[in-house]
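Here's the structure we're looking at; comments come further down.
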Amino acid sequence: MKSIAIVCILLFAMAASADSPKPRQVGSADGQPVFEFELSNGRITAKFLSYGGIIRELHVPDKVGVKADVVLGFDDLLGYLAGHPYFGCITGRVSNRVAKGKFTVEGKEYTLATNNGPHSLHGGAKGLDKRVWKGEYVSDNGVKFTYRSPDGEEGYPGNLDISVTYYLTPANEWKIEYEAKADKATPVSLTQHAYFNLAGHESGDILGHELQLMAAKYTPADGTLIPTGEMRPVQGTPFDFTKAKPLGKDLSAAGGEPIGFDLNYIITPGRKWPALAAKLKDPKSGRTMEVYTTEPGIQLYTGNFLDGKNIGKGGAIYKQYGGVCLECQLFPDAVNHPEFMSPVLVPTKTYRQTTIYKFGAE
């Protein structure tokens, strides 16, 4: 009887393994295989790469049930390896900018790789977006990516063990859970850099999309997009999205080189956590997206630097304002601003962050 029970258990395990989803190898980078993972909740479907933790596709229905892929990206891995403006990837160790690529932690100054004029952007010349992560399915609706960033990578101190888990929930949410631990004090601020176009990734500009931000203040920046340290009210400025308005309405008044929105907003804390930070709507398709996060900031970026040189999925040409990013984060250059929440992670603590993009139609 005991041998029969063992055989039954083995047969059950083999059957379960056969039914488990398998990632698809799509190429290699840095001599390591890269896999694509697909998730679906029966209504929305997403595809992710173990290179950079990239979301390559996200298919969402409109108000009459017609699905469209609402994130910018490429048909294959080669498009990402050729270089791109952070389409759909995890950025860090520190997302956004670190001024002059320098910071001091525990009395020691560190110098980072600079890749945005004099500044370090999104982790440096080869940040987390250009690394091969280990990926594995963790449930029917989840995939977990892990990566060890070694001591000194891009100039950052300490070994940093990172996990980012993506879920598609029954509530039509793309839920992202971040976790990291370090063996030395080091700044950490991770985010997802998806470019959204709720009309469909190939549908032209997003200037008709209506956006509301639950943010009464923002952090003004200088001409190189480094925060001044101030926290100003948005009221009476072109940056006021406390009531929903088209992204194109005050675009010219927002200024910048090139013109457009590219700034950090301070999220007004909500009663629930993660807090509702943003609502985005495409009036034509009726698709909507709500953003919830545990982070204090959200970067609004309207694809100002897109210039038509990126040929995306299906031959789509991604021109200026072709997608909008809503990046949940700690404040830019916070490691150099004691008035901001500190991004420094110490060995006795665990970095945790949750961000949710919830989709609907109306």
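Letters for chains follow the order of the structure tokens (A, B, ...), residue numbers begin at 1 for each chain, and ligand numbers begin at 1 in the order shown.
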
Near-Tyr137 in chain A list (8 Å; only C-alpha atoms; drop same-chain fewer than 5 positions) as JSON, numbers by chain: {"A": [21, 37, 142, 143, 144]}

Output file for the selection above: N, CA and C atoms, as a PDB file, in the first residue's frame:
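As written to disk, again07.pdb reads:
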```
ATOM      1  N   PRO A  21       2.658  26.529 -16.174  1.00  0.00           N
ATOM      2  CA  PRO A  21       3.080  27.307 -17.339  1.00  0.00           C
ATOM      3  C   PRO A  21       4.590  27.282 -17.487  1.00  0.00           C
ATOM      4  N   PHE A  37       7.510  35.541 -20.124  1.00  0.00           N
ATOM      5  CA  PHE A  37       6.477  34.970 -19.264  1.00  0.00           C
ATOM      6  C   PHE A  37       5.141  35.618 -19.615  1.00  0.00           C
ATOM      7  N   GLY A 142       1.015  34.999 -11.411  1.00  0.00           N
ATOM      8  CA  GLY A 142       2.150  35.783 -10.941  1.00  0.00           C
ATOM      9  C   GLY A 142       3.473  35.301 -11.493  1.00  0.00           C
ATOM     10  N   VAL A 143       4.406  36.225 -11.677  1.00  0.00           N
ATOM     11  CA  VAL A 143       5.773  35.893 -12.058  1.00  0.00           C
ATOM     12  C   VAL A 143       6.718  36.741 -11.216  1.00  0.00           C
ATOM     13  N   LYS A 144       7.754  36.104 -10.699  1.00  0.00           N
ATOM     14  CA  LYS A 144       8.703  36.768  -9.807  1.00  0.00           C
ATOM     15  C   LYS A 144      10.059  36.857 -10.478  1.00  0.00           C
TER      16      LYS A 144
END
```

Write down as a PyMOL selection string the residues of range 151-243 of chain A whose backbone DSSP state falls under strand (DSSP E or B). chain A and resi 160-168+173-182+186-187+189+191-192+196+210-213+217-219+221+227+232-233

Same residues, C-alpha atoms, saved as a CSV table (one decimal), in the first residue's frame:
```csv
chain,number,residue,atom,x,y,z
A,160,LEU,CA,21.6,44.3,-3.1
A,161,ASP,CA,19.2,41.4,-3.4
A,162,ILE,CA,16.1,42.5,-5.3
A,163,SER,CA,12.8,40.8,-6.1
A,164,VAL,CA,10.0,42.2,-8.2
A,165,THR,CA,6.7,40.2,-8.5
A,166,TYR,CA,4.1,40.9,-11.1
A,167,TYR,CA,0.5,39.8,-10.7
A,168,LEU,CA,-2.7,40.0,-12.8
A,173,GLU,CA,-5.0,45.0,-11.7
A,174,TRP,CA,-1.4,44.7,-12.7
A,175,LYS,CA,0.0,44.6,-9.2
A,176,ILE,CA,3.8,45.0,-8.6
A,177,GLU,CA,5.4,44.1,-5.3
A,178,TYR,CA,9.1,45.1,-4.8
A,179,GLU,CA,11.4,43.9,-2.1
A,180,ALA,CA,15.2,44.5,-1.5
A,181,LYS,CA,17.8,43.8,1.1
A,182,ALA,CA,21.4,45.2,1.3
A,186,THR,CA,22.8,52.1,0.0
A,187,PRO,CA,20.2,54.3,-1.7
A,189,SER,CA,14.3,53.6,-5.2
A,191,THR,CA,10.0,52.0,-10.2
A,192,GLN,CA,8.3,50.6,-13.4
A,196,PHE,CA,1.0,53.8,-21.6
A,210,GLU,CA,-7.5,62.9,-19.4
A,211,LEU,CA,-5.4,62.7,-16.2
A,212,GLN,CA,-6.2,63.4,-12.6
A,213,LEU,CA,-3.4,63.3,-9.9
A,217,LYS,CA,2.1,69.8,-4.5
A,218,TYR,CA,5.1,69.0,-6.7
A,219,THR,CA,8.9,69.2,-6.5
A,221,ALA,CA,13.3,71.2,-10.8
A,227,PRO,CA,14.8,69.1,-7.8
A,232,ARG,CA,5.3,73.9,-4.1
A,233,PRO,CA,1.5,73.9,-4.5
```

Counting only C-alpha atoms, what is within 8 Å of Asn141 in chain A, bar same-chain residues fewer than 3 positions away, as a VMD selection string? chain A and resid 39 to 41 138 167 to 169

Please save N, CA, C and O atoms of the selected residues as a JSON list (two decimals), in the first residue's frame.
```json
[["chain", "number", "residue", "atom", "x", "y", "z"],
["A", 39, "LEU", "N", 1.06, 36.13, -18.57],
["A", 39, "LEU", "CA", 0.02, 36.05, -17.54],
["A", 39, "LEU", "C", -1.31, 36.49, -18.14],
["A", 39, "LEU", "O", -1.36, 37.37, -18.99],
["A", 40, "SER", "N", -2.38, 35.87, -17.66],
["A", 40, "SER", "CA", -3.72, 36.29, -18.08],
["A", 40, "SER", "C", -4.71, 35.99, -16.96],
["A", 40, "SER", "O", -4.58, 34.95, -16.28],
["A", 41, "ASN", "N", -5.65, 36.88, -16.78],
["A", 41, "ASN", "CA", -6.72, 36.62, -15.82],
["A", 41, "ASN", "C", -8.03, 36.31, -16.54],
["A", 41, "ASN", "O", -9.11, 36.31, -15.93],
["A", 138, "VAL", "N", 5.13, 32.12, -9.98],
["A", 138, "VAL", "CA", 4.90, 31.89, -8.55],
["A", 138, "VAL", "C", 3.46, 31.48, -8.28],
["A", 138, "VAL", "O", 3.12, 31.10, -7.18],
["A", 167, "TYR", "N", 1.72, 40.54, -10.70],
["A", 167, "TYR", "CA", 0.49, 39.76, -10.66],
["A", 167, "TYR", "C", -0.55, 40.40, -11.58],
["A", 167, "TYR", "O", -0.58, 41.63, -11.74],
["A", 168, "LEU", "N", -1.41, 39.57, -12.16],
["A", 168, "LEU", "CA", -2.66, 40.03, -12.75],
["A", 168, "LEU", "C", -3.78, 39.51, -11.86],
["A", 168, "LEU", "O", -3.97, 38.30, -11.76],
["A", 169, "THR", "N", -4.50, 40.41, -11.23],
["A", 169, "THR", "CA", -5.51, 40.00, -10.25],
["A", 169, "THR", "C", -6.88, 39.87, -10.91],
["A", 169, "THR", "O", -7.12, 40.39, -12.01]]
```

So that I can check the surroundings of Lys284 in chain A, please list as a PyMOL selection string every protein, DNA and RNA residue that reaches within 12 Å of it, counting only C-alpha atoms and ignoring chain neighbours fewer than 6 positions away. chain A and resi 62-64+197-200+203+206+208-210+361-362

Export N, CA and C atoms of the chosen residues as a compact mmCIF listing (two decimals), in the first residue's frame?
```txt
# COMPACT_ATOMS: atom_id res chain seq x y z
N ASP A 62 -11.66 47.58 -24.31
CA ASP A 62 -12.27 48.91 -24.24
C ASP A 62 -13.72 48.78 -23.80
N LYS A 63 -14.51 49.86 -23.95
CA LYS A 63 -15.87 49.88 -23.44
C LYS A 63 -16.81 48.92 -24.15
N VAL A 64 -16.43 48.44 -25.34
CA VAL A 64 -17.26 47.44 -26.04
C VAL A 64 -16.56 46.08 -26.08
N ASN A 197 -0.42 53.99 -23.52
CA ASN A 197 -1.31 54.68 -24.45
C ASN A 197 -2.60 53.86 -24.45
N LEU A 198 -3.61 54.34 -23.74
CA LEU A 198 -4.82 53.56 -23.53
C LEU A 198 -5.64 53.39 -24.81
N ALA A 199 -5.32 54.15 -25.84
CA ALA A 199 -5.98 53.96 -27.14
C ALA A 199 -5.35 52.82 -27.92
N GLY A 200 -4.18 52.36 -27.48
CA GLY A 200 -3.40 51.35 -28.20
C GLY A 200 -2.03 51.91 -28.48
N SER A 203 -1.37 54.16 -31.57
CA SER A 203 -2.47 55.09 -31.87
C SER A 203 -2.10 56.57 -31.91
N ILE A 206 -0.87 60.90 -26.85
CA ILE A 206 -1.75 60.72 -25.68
C ILE A 206 -2.27 62.06 -25.16
N GLY A 208 -4.85 63.72 -25.76
CA GLY A 208 -6.27 63.74 -25.46
C GLY A 208 -6.65 62.92 -24.25
N HIS A 209 -5.70 62.14 -23.71
CA HIS A 209 -5.97 61.39 -22.49
C HIS A 209 -6.24 62.37 -21.34
N GLU A 210 -7.20 62.04 -20.51
CA GLU A 210 -7.53 62.88 -19.35
C GLU A 210 -6.87 62.30 -18.10
N ALA A 361 -13.15 50.26 -18.02
CA ALA A 361 -13.68 50.94 -19.21
C ALA A 361 -15.02 51.53 -18.85
N GLU A 362 -15.31 52.69 -19.45
CA GLU A 362 -16.58 53.37 -19.17
C GLU A 362 -17.02 54.21 -20.35
```

What does the distance between CA of Gly73 in chain A and CA of Ile90 in chain A come to in Å, to one decimal place? 13.8 Å

Nearest-residue call for Tyr301 in chain A, choices A:Val70, A:Cys89, A:Met214, A:Leu251, using only C-alpha atoms: A:Leu251

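Note that the spacing between CA of Leu300 in chain A and CA of Ala278 in chain A amounts to 9.9 Å.
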
Could you build a table of the residues in range 247-301 of chain A lying no more than 12 Å from range 97-107 of chain A, giving for each the nearest pair of atoms and their separation in Å rounded to one decimal place, using only C-alpha atoms, ordered by chain and ascending residue number, as a tab-separated table?
```
residue	atom	partner	partner_atom	distance
A:Asp262	CA	A:Arg97	CA	11.9
A:Leu263	CA	A:Arg97	CA	11.2
A:Asn264	CA	A:Arg97	CA	11.2
A:Gln299	CA	A:Arg97	CA	11.5
```

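Closest approach to Gly155 in chain A among A:Tyr195, A:Tyr86, A:Trp133, A:Tyr110: A:Tyr110, based on only C-alpha atoms.
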
Counting only C-alpha atoms, which residues in range 8-101 of chain A sit no more than 12 Å from range 354-359 of chain A? For each one, give the nearest pair of atoms and the distance in Å, sorted by chain then residue number, as a Markdown table.
```
| residue | atom | partner | partner_atom | distance |
| --- | --- | --- | --- | --- |
| A:Arg43 | CA | A:Phe359 | CA | 10.3 |
| A:Ile44 | CA | A:Phe359 | CA | 8.8 |
| A:Thr45 | CA | A:Phe359 | CA | 11.6 |
| A:Leu58 | CA | A:Phe359 | CA | 10.7 |
| A:His59 | CA | A:Phe359 | CA | 10.4 |
| A:Val60 | CA | A:Phe359 | CA | 7.4 |
| A:Pro61 | CA | A:Phe359 | CA | 8.8 |
| A:Asp62 | CA | A:Phe359 | CA | 9.7 |
| A:Lys63 | CA | A:Phe359 | CA | 11.3 |
| A:Lys67 | CA | A:Phe359 | CA | 11.9 |
| A:Val70 | CA | A:Phe359 | CA | 10.7 |
```

Taking N, CA, C and O atoms for each residue, export the selection above as an mmCIF file, in the first residue's frame.
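The resulting file, again.cif, is reproduced below:
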```cif
data_model
loop_
_atom_site.group_PDB
_atom_site.id
_atom_site.type_symbol
_atom_site.label_atom_id
_atom_site.label_comp_id
_atom_site.auth_asym_id
_atom_site.auth_seq_id
_atom_site.Cartn_x
_atom_site.Cartn_y
_atom_site.Cartn_z
ATOM 1 N N ARG A 43 -9.267 38.207 -18.835
ATOM 2 C CA ARG A 43 -9.772 39.467 -19.385
ATOM 3 C C ARG A 43 -8.638 40.353 -19.883
ATOM 4 O O ARG A 43 -8.731 40.978 -20.933
ATOM 5 N N ILE A 44 -7.551 40.431 -19.120
ATOM 6 C CA ILE A 44 -6.366 41.150 -19.575
ATOM 7 C C ILE A 44 -5.196 40.169 -19.634
ATOM 8 O O ILE A 44 -5.134 39.199 -18.867
ATOM 9 N N THR A 45 -4.286 40.415 -20.573
ATOM 10 C CA THR A 45 -3.144 39.534 -20.794
ATOM 11 C C THR A 45 -1.873 40.369 -20.863
ATOM 12 O O THR A 45 -1.877 41.465 -21.440
ATOM 13 N N LEU A 58 0.578 44.396 -23.069
ATOM 14 C CA LEU A 58 -0.498 44.444 -22.084
ATOM 15 C C LEU A 58 -1.803 44.696 -22.834
ATOM 16 O O LEU A 58 -2.053 45.807 -23.298
ATOM 17 N N HIS A 59 -2.618 43.660 -22.965
ATOM 18 C CA HIS A 59 -3.844 43.728 -23.756
ATOM 19 C C HIS A 59 -5.036 43.939 -22.835
ATOM 20 O O HIS A 59 -5.289 43.138 -21.924
ATOM 21 N N VAL A 60 -5.763 45.034 -23.080
ATOM 22 C CA VAL A 60 -6.852 45.483 -22.211
ATOM 23 C C VAL A 60 -8.086 45.788 -23.054
ATOM 24 O O VAL A 60 -7.967 46.430 -24.106
ATOM 25 N N PRO A 61 -9.290 45.378 -22.618
ATOM 26 C CA PRO A 61 -10.491 45.653 -23.400
ATOM 27 C C PRO A 61 -10.987 47.091 -23.249
ATOM 28 O O PRO A 61 -10.777 47.725 -22.216
ATOM 29 N N ASP A 62 -11.659 47.580 -24.309
ATOM 30 C CA ASP A 62 -12.270 48.908 -24.240
ATOM 31 C C ASP A 62 -13.724 48.780 -23.796
ATOM 32 O O ASP A 62 -14.160 47.714 -23.319
ATOM 33 N N LYS A 63 -14.506 49.860 -23.948
ATOM 34 C CA LYS A 63 -15.874 49.882 -23.435
ATOM 35 C C LYS A 63 -16.812 48.920 -24.148
ATOM 36 O O LYS A 63 -17.886 48.605 -23.626
ATOM 37 N N LYS A 67 -10.045 44.450 -27.450
ATOM 38 C CA LYS A 67 -8.762 44.560 -26.756
ATOM 39 C C LYS A 67 -7.729 45.291 -27.592
ATOM 40 O O LYS A 67 -7.724 45.214 -28.818
ATOM 41 N N VAL A 70 -1.691 48.208 -24.789
ATOM 42 C CA VAL A 70 -1.643 49.603 -24.337
ATOM 43 C C VAL A 70 -0.275 50.034 -23.807
ATOM 44 O O VAL A 70 -0.168 51.091 -23.178
#
```

Select, from A:Phe340, A:Trp273, A:Phe241, A:Phe261, the residue with the minimum atom-to-atom distance to Thr302 in chain A, counting only C-alpha atoms.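 Ranked by minimum distance to Thr302 in chain A, first place goes to A:Phe261.
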